[in-house]
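Participant: There's a structure below that I have some questions on.
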Amino acid sequence: MTTHERLFEGADWDFRQLQRIHEACEEIAHGELGLDTYPNQIEIITAEQMLDAYSSSGMPLFYKHWSFGKRFAHHETFYRKGLMGLAYEIVINSSPCISYLMEENTATMQTLVIAHAAFGHNHFFKNNYLFRQWTDADGILDYLDFAKGYIASCEERYGRRAVEATLDAAHALMSHGIDRYPGKKGLDLRLEEKRARERREHEQSVFNDLWRTVPSGPAKTAEILNSQRRRALLGLPQENILYFLEKTAPRLHPWQREILRIVRHIAQYFYPQSQTKVMNEGTATYVHYRIMNRLHEQGRISDGNFLEFLQSHTNVVFQPEFDDQRFSDFNPYALGFAMMQDIERIVTDPDDEDREWFPDIAGSGDAMGTLRQIWANYRDESFISQFLSPKLIRSWRLFHLHDDPEFTEGIKVDAIHDARGYRRIRRELARQYDVGFIDPNIEVVDVDLAGDRRLMLRHMVVKGAQLNETDARRVLQHLADLWTYDVSLVEVDARDNVLKEYVVSPRTLAIAA
Amino acid sequence: MFIVDRRLNPGSKSLENRQRFLRRAKALVQGAVKKTSEGRDIKDVLEGGEVSIPLDGMHEPRFRTEGGTRDRVLSGNKKFVEGDVLPRPNGGGGRGSQAGEGDSEDDFRFVLSRNEFVDLFLDDLELPDLAKRKLAEVESQALQRAGYSTSGSPANISISRTVQLALARRVALRRPRPEKIAELEAELEAETSEVRRAELLAEIEALKAKAKRIPFIDPIDIRYRRFETVPKPVAQAVMFCLMDVSGSMTEHMKDLAKRFYMLLYVFLTRRYRHVEIVFIRHTDRAEEVDEQTFFYGPASGGTMVSSALQAMSDIVRSRFKPSDWNIYAAQASDGDNSLADSALTGRLLTENILPVSQFFAYLEVGEANGSTFEMPDSSLWTLYQRLRSEGVPLSMRKVATRGEIFPVFHDLFQRRKNQEKAAS
């Protein structure tokens, strides 16, 4: 093994050293780990700029809105009191991939952060299927620039108050402004003709006069046909409420539709991130761990600096136990990193249990190949339900609590880390990360076009969890203001029993006129 | 790979968002600011600081679920086995006992800067027109440096600038340096060749002559420091707090007075760079005391308002020249005064105090359970009422409860008051 020159000594760094650190990391990341990344752009910022970035979801530019000011004030207070430390970095899913590094990081920390963000996260952004499907890394910064400019020009033309009211309403519905499934592409004329021709040919080839004599069900009444036709025309049921409003709300101005569209696009951009917290952080942590170890082996980092790295790494992947005061939930860094390391172990050094549970990957020998494949094709929920191993469940001593309010004696321990419990624990943990269970399932089901134009929504209640009433009323109020007619929401359980019904009328000073 | 140094970018990108937030939360924040300032000392009231507003008003609603059956996977099992039943943490039917319910009741805390704090505190108040006019009049002339001139008094010669110019001139005209001449002379001493000596001698002569023609300092080099006189507003104010501390003044009354003084102090510091406070308390005789004694020191005796006014007038004469200081006074009393004192009080006020004061506020404080309507006109009130009708900078109000202080203050200093306009 060739020994390399030290990248830096001590804690100080300068820009030339950053360049060399980046090159050294790149050599390992691309050469040894086989990562595939967007070009990097590294930006050095101060603590205040970091707070700024916090309040606009980490994005370097964003439109103006009071809620970001509120977030800023909140973070600032916590930071000043010392209740909150700031992140070492923020990384943005764009091409080039922008990583913000804090100026007060030591040289070791900068190395860690470059390995973590500029290679770990970067690779994940570029390769994971959710990001590839839903986000456009090349265009996001231009789009945000457009959004900022557009909203500012709207404020100038239509008044700040009107724009703010529209944005408030759009923000309230942001979590329901997401397409969860890629939409069907509309066919053009030629494809339509082709499909019709193929159908005709198929019908001719399988023609049998007997079918004509088969009785069909009772004829549908005109009313049912009518309502089916109406719902098909409106594209109902529709779970993307913002999209529905943008396309069909009767009295919105064109600029308001554009604002809804902007908010919807931004929500969509962040959608993959919320589904891949564990994987994203796990990937980045695993990558920085590999790179830092390699740099140390090569002699490019001194022992002292390596110890400094190990200390912050250990802090990052610390998982308090459930009875610890610090416990709030699973630390995505810890869980992700533990799973990645576990997979590496299964691939390179499996035991019989692993062979039984993971026949596909156990002992295949190519840890990085397997991991790269996993990083590309899974999200948190599917990742956990596939790859959480019994060994990890044992070593973390996981257990599952089932809290049913009807069961008055208390909370039941449903499964623990034993042979009977592995699969149940794995399924439940995966479900904790399933957006389908986290976000309430609310759909626009119908519009009363013949009557008072009421917009009808339906919340499918899962496991008895109903909406918080105050919040629901407020959100519906915003929705009604945009729709400009009454809005109703029913909460129904799996057996179609109506549990609760809300009806909200638009405020007299409607946003749209 | 690019490295960009963003540290030099203009900071506070969030300032605009922050201002929008404050504008939106204005009413709430104002309420919070007033509440926060209640517990502070007069001078501390100006410091910015943390306020908390009910999150409710600034809430960003979302559809979110609560209750129902909950499943949770946790780490660090120590003793549980499958089928164990654990008691619920708070009893309470168990519905959402672990969920963050009721967090909408939480307060939203954040830090206001000093300026933001005071702006919100004194929103839309202004010194009365009357006082402003006086403020404009009470200007003094002051000298201000205004560059250099070629003429002036010898006392104002700017040596450094003069030497600078002389040096520049000498360099520009190539005045031979004395070292150069000395060098040539040394060479002359050592030189043996006659021809060369003659050359050197001629050169030295030429240089000496040139040095003589170009003086070291020429009259055209001389520069004088120039001054201009500019009108300078008096940027300092003194605030007299007069209070009756005789036995009839209860703690409640003193508290009301303190609040009023506090507001006035804050208000004056907004307008003047430097504000001093003088505390004068009086019973049947007056003394100047510190803030602590003023509000909390025990005292008893009869009531002679004139003694306080006399003390104030003495202090003004000895320490605060009316031409240099803007003088404000606020007097708090329950209105008792001995009858014999009335004439003297009236005379002191009209002759000594009001002519030099920008503003004199009289605050009559009442009992906690009383209302301002029930307060009969006291002897002092009647006296001041009479003086007031003569159009002097005297304002008076009655206050009985804490809640009235700010409205009364607001009332006194409200922007564009018709009454004050008429007076001016």
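In the structure tokens, chains take the letters A, B, ... in the order shown, each chain's residues start at 1, and ligands count up from 1 in the order shown.
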Any idea what's packed within 12 Å of range 314-322 of chain B, counting only C-alpha atoms, ignoring anything in its chain fewer than 5 positions away? Could you give it as a ChimeraX atom specification?
Facilitator: /B:134-135,137-140,234,236-240,275-280,286-288,307-309,327-329,348,352-358
Participant: Those residues with N, CA and C atoms, as an mmCIF file, in the first residue's frame please?
Facilitator:
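What landed in selection.cif:
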data_model
loop_
_atom_site.group_PDB
_atom_site.id
_atom_site.type_symbol
_atom_site.label_atom_id
_atom_site.label_comp_id
_atom_site.auth_asym_id
_atom_site.auth_seq_id
_atom_site.Cartn_x
_atom_site.Cartn_y
_atom_site.Cartn_z
ATOM 1 N N LYS B 134 -41.138 73.466 20.103
ATOM 2 C CA LYS B 134 -40.125 73.961 21.031
ATOM 3 C C LYS B 134 -38.786 73.306 20.767
ATOM 4 N N LEU B 135 -38.874 72.045 20.476
ATOM 5 C CA LEU B 135 -37.648 71.306 20.198
ATOM 6 C C LEU B 135 -36.903 71.960 19.053
ATOM 7 N N GLU B 137 -37.035 75.027 18.140
ATOM 8 C CA GLU B 137 -36.512 76.336 18.529
ATOM 9 C C GLU B 137 -35.262 76.220 19.367
ATOM 10 N N VAL B 138 -35.259 75.256 20.227
ATOM 11 C CA VAL B 138 -34.144 75.169 21.153
ATOM 12 C C VAL B 138 -32.949 74.554 20.455
ATOM 13 N N GLU B 139 -32.414 75.302 19.482
ATOM 14 C CA GLU B 139 -31.242 74.809 18.784
ATOM 15 C C GLU B 139 -30.060 75.674 19.158
ATOM 16 N N SER B 140 -28.907 75.071 19.240
ATOM 17 C CA SER B 140 -27.724 75.879 19.483
ATOM 18 C C SER B 140 -26.798 75.724 18.296
ATOM 19 N N VAL B 234 -30.792 70.304 20.406
ATOM 20 C CA VAL B 234 -30.424 69.807 21.723
ATOM 21 C C VAL B 234 -30.859 68.355 21.810
ATOM 22 N N GLN B 236 -30.486 66.234 24.251
ATOM 23 C CA GLN B 236 -30.557 65.615 25.563
ATOM 24 C C GLN B 236 -31.787 66.107 26.302
ATOM 25 N N ALA B 237 -32.276 65.253 27.110
ATOM 26 C CA ALA B 237 -33.480 65.615 27.851
ATOM 27 C C ALA B 237 -33.343 65.156 29.283
ATOM 28 N N VAL B 238 -34.015 65.854 30.137
ATOM 29 C CA VAL B 238 -34.054 65.415 31.519
ATOM 30 C C VAL B 238 -35.519 65.209 31.884
ATOM 31 N N MET B 239 -35.729 64.165 32.619
ATOM 32 C CA MET B 239 -37.100 63.846 32.977
ATOM 33 C C MET B 239 -37.204 63.873 34.493
ATOM 34 N N PHE B 240 -38.099 64.715 34.971
ATOM 35 C CA PHE B 240 -38.306 64.825 36.408
ATOM 36 C C PHE B 240 -39.491 63.962 36.804
ATOM 37 N N VAL B 275 -30.904 60.760 27.920
ATOM 38 C CA VAL B 275 -32.001 61.131 28.818
ATOM 39 C C VAL B 275 -31.573 60.874 30.257
ATOM 40 N N GLU B 276 -31.752 61.892 31.071
ATOM 41 C CA GLU B 276 -31.462 61.697 32.499
ATOM 42 C C GLU B 276 -32.765 61.706 33.275
ATOM 43 N N ILE B 277 -32.752 61.003 34.378
ATOM 44 C CA ILE B 277 -33.957 60.999 35.209
ATOM 45 C C ILE B 277 -33.624 61.580 36.572
ATOM 46 N N VAL B 278 -34.465 62.434 37.037
ATOM 47 C CA VAL B 278 -34.311 62.945 38.397
ATOM 48 C C VAL B 278 -35.560 62.542 39.174
ATOM 49 N N PHE B 279 -35.335 61.879 40.283
ATOM 50 C CA PHE B 279 -36.474 61.467 41.103
ATOM 51 C C PHE B 279 -36.607 62.428 42.284
ATOM 52 N N ILE B 280 -37.754 63.032 42.391
ATOM 53 C CA ILE B 280 -37.991 63.907 43.548
ATOM 54 C C ILE B 280 -39.228 63.398 44.260
ATOM 55 N N ALA B 286 -39.388 68.164 50.220
ATOM 56 C CA ALA B 286 -39.007 67.338 49.073
ATOM 57 C C ALA B 286 -37.537 66.976 49.146
ATOM 58 N N GLU B 287 -37.171 65.837 48.554
ATOM 59 C CA GLU B 287 -35.754 65.485 48.460
ATOM 60 C C GLU B 287 -35.528 64.717 47.158
ATOM 61 N N GLU B 288 -34.306 64.843 46.646
ATOM 62 C CA GLU B 288 -33.966 64.077 45.461
ATOM 63 C C GLU B 288 -33.414 62.738 45.918
ATOM 64 N N SER B 307 -43.194 72.121 47.724
ATOM 65 C CA SER B 307 -41.809 71.788 48.074
ATOM 66 C C SER B 307 -41.147 71.036 46.927
ATOM 67 N N ALA B 308 -41.898 70.117 46.287
ATOM 68 C CA ALA B 308 -41.333 69.362 45.177
ATOM 69 C C ALA B 308 -41.052 70.275 44.003
ATOM 70 N N LEU B 309 -41.977 71.161 43.721
ATOM 71 C CA LEU B 309 -41.788 72.068 42.594
ATOM 72 C C LEU B 309 -40.594 72.982 42.848
ATOM 73 N N ILE B 327 -36.677 69.719 28.958
ATOM 74 C CA ILE B 327 -37.112 69.343 30.300
ATOM 75 C C ILE B 327 -38.542 68.805 30.276
ATOM 76 N N TYR B 328 -38.686 67.615 30.784
ATOM 77 C CA TYR B 328 -40.003 66.995 30.893
ATOM 78 C C TYR B 328 -40.249 66.671 32.341
ATOM 79 N N ALA B 329 -41.488 66.775 32.740
ATOM 80 C CA ALA B 329 -41.788 66.430 34.116
ATOM 81 C C ALA B 329 -43.089 65.657 34.179
ATOM 82 N N LEU B 348 -45.293 78.833 41.573
ATOM 83 C CA LEU B 348 -44.055 78.138 41.173
ATOM 84 C C LEU B 348 -44.225 77.512 39.797
ATOM 85 N N ASN B 352 -41.970 79.442 37.335
ATOM 86 C CA ASN B 352 -40.640 78.820 37.272
ATOM 87 C C ASN B 352 -40.584 77.574 36.397
ATOM 88 N N ILE B 353 -41.613 76.783 36.481
ATOM 89 C CA ILE B 353 -41.492 75.461 35.877
ATOM 90 C C ILE B 353 -42.009 75.419 34.451
ATOM 91 N N LEU B 354 -43.251 75.797 34.260
ATOM 92 C CA LEU B 354 -43.838 75.662 32.931
ATOM 93 C C LEU B 354 -43.080 76.431 31.847
ATOM 94 N N PRO B 355 -42.587 77.596 32.089
ATOM 95 C CA PRO B 355 -41.865 78.303 31.015
ATOM 96 C C PRO B 355 -40.641 77.550 30.502
ATOM 97 N N VAL B 356 -39.981 76.778 31.345
ATOM 98 C CA VAL B 356 -38.775 76.087 30.885
ATOM 99 C C VAL B 356 -39.059 74.649 30.471
ATOM 100 N N SER B 357 -40.255 74.157 30.746
ATOM 101 C CA SER B 357 -40.529 72.746 30.465
ATOM 102 C C SER B 357 -41.108 72.567 29.070
ATOM 103 N N GLN B 358 -40.775 71.450 28.483
ATOM 104 C CA GLN B 358 -41.405 71.082 27.220
ATOM 105 C C GLN B 358 -42.813 70.580 27.480
#
Participant: May I have the residues within 10 Å of Phe8 in chain A as a PyMOL selection string, using only C-alpha atoms and disregarding those fewer than 6 positions away in the same chain?
Facilitator: chain A and resi 14+17-18+20-21+107-108+111+300-302+305
Participant: Determine, using only C-alpha atoms, which residues of chain B have any atom at most 6 Å from an atom of chain A, and tabulate each with its shortest atom pair and distance in Å to one decimal place, rows ordered by chain and then rising number, as a tab-separated table.
Facilitator:
residue	atom	partner	partner_atom	distance
B:Met1	CA	A:Asn40	CA	5.0
B:Phe2	CA	A:Gln41	CA	4.8
B:Ile3	CA	A:Ile42	CA	4.7
B:Val4	CA	A:Glu43	CA	4.6
B:Asp5	CA	A:Ile44	CA	4.9
B:Arg6	CA	A:Ile45	CA	5.3
B:Arg7	CA	A:Ile45	CA	4.9
B:Ser14	CA	A:Asp52	CA	5.7
B:Asn17	CA	A:Gly69	CA	4.2
B:Arg18	CA	A:Gly69	CA	3.9
B:Arg20	CA	A:Trp66	CA	4.9
B:Phe21	CA	A:Trp66	CA	4.4
B:Pro61	CA	A:Asp471	CA	5.1
B:Arg62	CA	A:Ala172	CA	5.3
B:Phe63	CA	A:Ala472	CA	5.5
B:Arg64	CA	A:Leu467	CA	5.5
B:Thr65	CA	A:Leu467	CA	4.2
B:Glu66	CA	A:Ala465	CA	5.2
B:Gly67	CA	A:Ala465	CA	4.9
B:Gly68	CA	A:Gly464	CA	4.0
B:Thr69	CA	A:Asp404	CA	4.4
B:Arg70	CA	A:Asp403	CA	4.9
B:Asp71	CA	A:His402	CA	4.7
B:Arg72	CA	A:Leu401	CA	5.2
B:Val73	CA	A:His400	CA	4.4
B:Leu74	CA	A:Phe399	CA	5.6
B:Ser75	CA	A:Leu398	CA	4.4
B:Gly76	CA	A:Glu321	CA	4.7
B:Asn77	CA	A:Arg397	CA	5.1
B:Glu82	CA	A:Ala415	CA	5.1
B:Gly83	CA	A:Val413	CA	5.3
B:Asp84	CA	A:Val413	CA	5.2
B:Val85	CA	A:Lys412	CA	4.5
B:Leu86	CA	A:Ile411	CA	5.0
B:Pro87	CA	A:Gly410	CA	4.6
B:Arg88	CA	A:Gly410	CA	5.2
B:Gly94	CA	A:Pro405	CA	5.6
B:Arg95	CA	A:Pro405	CA	5.6
B:Phe110	CA	A:Thr77	CA	5.2
B:Val111	CA	A:Thr77	CA	5.9
Participant: So that I can check the surroundings of Asn377 in chain A, please list as JSON, numbers by chain every protein, DNA and RNA residue that reaches within 12 Å of it, counting only C-alpha atoms and ignoring chain neighbours fewer than 3 positions away.
Facilitator: {"A": [124, 125, 126, 127, 128, 129, 130, 131, 132, 133, 276, 279, 370, 371, 372, 373, 374, 380, 381, 382, 383, 386]}
Participant: Looking only at the backbone, which of the residues in range 117-312 of chain B does DSSP tag as alpha helix (DSSP H), as a ChimeraX atom specification?
Facilitator: /B:117-121,129-137,159-172,178-190,194-213,251-271,291-296,305-312
Participant: Fewer than 2 positions away in the same chain doesn't count, so skip those; otherwise give me all residues within 9 Å of Leu260 in chain A, counting only C-alpha atoms, as a PDB file with C-alpha atoms, in the first residue's frame.
Facilitator:
ATOM      1  CA  THR A 166     -53.533  32.368  -1.475  1.00  0.00           C
ATOM      2  CA  LEU A 167     -50.178  31.094  -0.263  1.00  0.00           C
ATOM      3  CA  ALA A 169     -54.301  28.340   1.749  1.00  0.00           C
ATOM      4  CA  ALA A 170     -51.942  26.519  -0.571  1.00  0.00           C
ATOM      5  CA  HIS A 171     -49.509  25.793   2.273  1.00  0.00           C
ATOM      6  CA  GLY A 177     -50.728  18.464  -3.306  1.00  0.00           C
ATOM      7  CA  LEU A 242     -54.138  21.269  -5.020  1.00  0.00           C
ATOM      8  CA  TYR A 243     -54.049  19.839  -8.516  1.00  0.00           C
ATOM      9  CA  LEU A 245     -58.249  23.126  -7.418  1.00  0.00           C
ATOM     10  CA  GLU A 246     -55.736  24.381  -9.924  1.00  0.00           C
ATOM     11  CA  TRP A 255     -52.162  33.889 -11.178  1.00  0.00           C
ATOM     12  CA  GLN A 256     -53.720  32.051  -8.241  1.00  0.00           C
ATOM     13  CA  ARG A 257     -53.717  28.838 -10.236  1.00  0.00           C
ATOM     14  CA  GLU A 258     -50.070  29.403 -10.996  1.00  0.00           C
ATOM     15  CA  ILE A 262     -45.806  26.361  -7.685  1.00  0.00           C
ATOM     16  CA  VAL A 263     -46.631  25.137  -4.180  1.00  0.00           C
ATOM     17  CA  ARG A 264     -47.657  21.780  -5.608  1.00  0.00           C
ATOM     18  CA  HIS A 265     -44.442  21.395  -7.551  1.00  0.00           C
TER      19      HIS A 265
END
Participant: Taking the DSSP secondary structure from the backbone, can you list the residues of range 233-322 of chain B that are strand (DSSP E or B), as an NGL selection string?
Facilitator: :B and (233 or 236-244 or 274-282 or 286-289)
Participant: Let's have the selection written as a CSV table (one decimal), in the first residue's frame, with C-alpha atoms.
Facilitator:
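The resulting selection_32.csv:
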chain,number,residue,atom,x,y,z
B,233,PRO,CA,-30.6,70.4,18.0
B,236,GLN,CA,-30.6,65.6,25.6
B,237,ALA,CA,-33.5,65.6,27.9
B,238,VAL,CA,-34.1,65.4,31.5
B,239,MET,CA,-37.1,63.8,33.0
B,240,PHE,CA,-38.3,64.8,36.4
B,241,CYS,CA,-40.3,62.3,38.3
B,242,LEU,CA,-42.2,64.0,41.1
B,243,MET,CA,-44.2,61.9,43.4
B,244,ASP,CA,-46.2,62.4,46.6
B,274,HIS,CA,-29.4,61.1,26.1
B,275,VAL,CA,-32.0,61.1,28.8
B,276,GLU,CA,-31.5,61.7,32.5
B,277,ILE,CA,-34.0,61.0,35.2
B,278,VAL,CA,-34.3,62.9,38.4
B,279,PHE,CA,-36.5,61.5,41.1
B,280,ILE,CA,-38.0,63.9,43.5
B,281,ARG,CA,-40.3,62.6,46.2
B,282,HIS,CA,-42.1,64.8,48.6
B,286,ALA,CA,-39.0,67.3,49.1
B,287,GLU,CA,-35.8,65.5,48.5
B,288,GLU,CA,-34.0,64.1,45.5
B,289,VAL,CA,-33.5,60.3,45.8
Participant: Just want the 10 Å neighbourhood of Asp334 in chain B, counted on only C-alpha atoms, with same-chain residues fewer than 6 positions away dropped. Output as number ranges by chain.
Facilitator: B: 243-246, 248-250, 253-254, 363-367, 378-381, 398-399
Participant: For the residues in that selection, give me N, CA and C atoms as a PDB file, in the first residue's frame.
Facilitator:
ATOM      1  N   MET B 243     -43.172  62.733  42.874  1.00  0.00           N
ATOM      2  CA  MET B 243     -44.237  61.899  43.439  1.00  0.00           C
ATOM      3  C   MET B 243     -44.474  62.253  44.889  1.00  0.00           C
ATOM      4  N   ASP B 244     -45.732  62.234  45.210  1.00  0.00           N
ATOM      5  CA  ASP B 244     -46.164  62.423  46.581  1.00  0.00           C
ATOM      6  C   ASP B 244     -46.013  61.069  47.288  1.00  0.00           C
ATOM      7  N   VAL B 245     -45.227  61.016  48.365  1.00  0.00           N
ATOM      8  CA  VAL B 245     -45.058  59.736  49.049  1.00  0.00           C
ATOM      9  C   VAL B 245     -45.656  59.769  50.449  1.00  0.00           C
ATOM     10  N   SER B 246     -46.520  60.720  50.665  1.00  0.00           N
ATOM     11  CA  SER B 246     -47.112  60.820  51.999  1.00  0.00           C
ATOM     12  C   SER B 246     -47.969  59.588  52.281  1.00  0.00           C
ATOM     13  N   SER B 248     -50.921  58.884  52.493  1.00  0.00           N
ATOM     14  CA  SER B 248     -52.148  58.585  51.757  1.00  0.00           C
ATOM     15  C   SER B 248     -51.877  57.865  50.437  1.00  0.00           C
ATOM     16  N   MET B 249     -50.644  57.826  50.001  1.00  0.00           N
ATOM     17  CA  MET B 249     -50.325  57.125  48.749  1.00  0.00           C
ATOM     18  C   MET B 249     -50.119  55.637  49.029  1.00  0.00           C
ATOM     19  N   THR B 250     -50.920  54.817  48.430  1.00  0.00           N
ATOM     20  CA  THR B 250     -50.791  53.374  48.653  1.00  0.00           C
ATOM     21  C   THR B 250     -49.803  52.771  47.666  1.00  0.00           C
ATOM     22  N   MET B 253     -51.027  52.919  44.142  1.00  0.00           N
ATOM     23  CA  MET B 253     -50.861  54.222  43.491  1.00  0.00           C
ATOM     24  C   MET B 253     -49.440  54.398  42.987  1.00  0.00           C
ATOM     25  N   LYS B 254     -48.488  53.958  43.828  1.00  0.00           N
ATOM     26  CA  LYS B 254     -47.090  54.088  43.414  1.00  0.00           C
ATOM     27  C   LYS B 254     -46.810  53.233  42.192  1.00  0.00           C
ATOM     28  N   LEU B 363     -50.497  63.297  36.798  1.00  0.00           N
ATOM     29  CA  LEU B 363     -51.253  62.055  36.814  1.00  0.00           C
ATOM     30  C   LEU B 363     -51.863  61.893  38.185  1.00  0.00           C
ATOM     31  N   GLU B 364     -53.168  61.882  38.222  1.00  0.00           N
ATOM     32  CA  GLU B 364     -53.803  61.692  39.517  1.00  0.00           C
ATOM     33  C   GLU B 364     -54.183  60.234  39.654  1.00  0.00           C
ATOM     34  N   VAL B 365     -53.599  59.576  40.646  1.00  0.00           N
ATOM     35  CA  VAL B 365     -53.823  58.147  40.792  1.00  0.00           C
ATOM     36  C   VAL B 365     -54.866  57.882  41.866  1.00  0.00           C
ATOM     37  N   GLY B 366     -55.680  56.863  41.616  1.00  0.00           N
ATOM     38  CA  GLY B 366     -56.743  56.557  42.558  1.00  0.00           C
ATOM     39  C   GLY B 366     -56.614  55.153  43.098  1.00  0.00           C
ATOM     40  N   GLU B 367     -57.546  54.787  43.954  1.00  0.00           N
ATOM     41  CA  GLU B 367     -57.516  53.457  44.554  1.00  0.00           C
ATOM     42  C   GLU B 367     -57.851  52.390  43.521  1.00  0.00           C
ATOM     43  N   SER B 378     -59.892  66.705  43.088  1.00  0.00           N
ATOM     44  CA  SER B 378     -59.160  66.974  44.317  1.00  0.00           C
ATOM     45  C   SER B 378     -58.697  68.425  44.308  1.00  0.00           C
ATOM     46  N   SER B 379     -58.069  68.822  45.383  1.00  0.00           N
ATOM     47  CA  SER B 379     -57.645  70.219  45.478  1.00  0.00           C
ATOM     48  C   SER B 379     -56.582  70.529  44.430  1.00  0.00           C
ATOM     49  N   LEU B 380     -55.654  69.566  44.232  1.00  0.00           N
ATOM     50  CA  LEU B 380     -54.577  69.806  43.270  1.00  0.00           C
ATOM     51  C   LEU B 380     -55.144  69.840  41.853  1.00  0.00           C
ATOM     52  N   TRP B 381     -56.076  68.921  41.590  1.00  0.00           N
ATOM     53  CA  TRP B 381     -56.700  68.824  40.263  1.00  0.00           C
ATOM     54  C   TRP B 381     -57.361  70.157  39.909  1.00  0.00           C
ATOM     55  N   LYS B 398     -56.577  61.296  35.014  1.00  0.00           N
ATOM     56  CA  LYS B 398     -56.817  60.503  36.221  1.00  0.00           C
ATOM     57  C   LYS B 398     -56.734  59.026  35.870  1.00  0.00           C
ATOM     58  N   VAL B 399     -56.118  58.290  36.757  1.00  0.00           N
ATOM     59  CA  VAL B 399     -55.953  56.862  36.501  1.00  0.00           C
ATOM     60  C   VAL B 399     -56.262  56.095  37.777  1.00  0.00           C
TER      61      VAL B 399
END
Participant: What gap, in Å, lies between CA of Ala29 in chain A and CA of His116 in chain A?
Facilitator: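 A separation of 10.6 Å between them.
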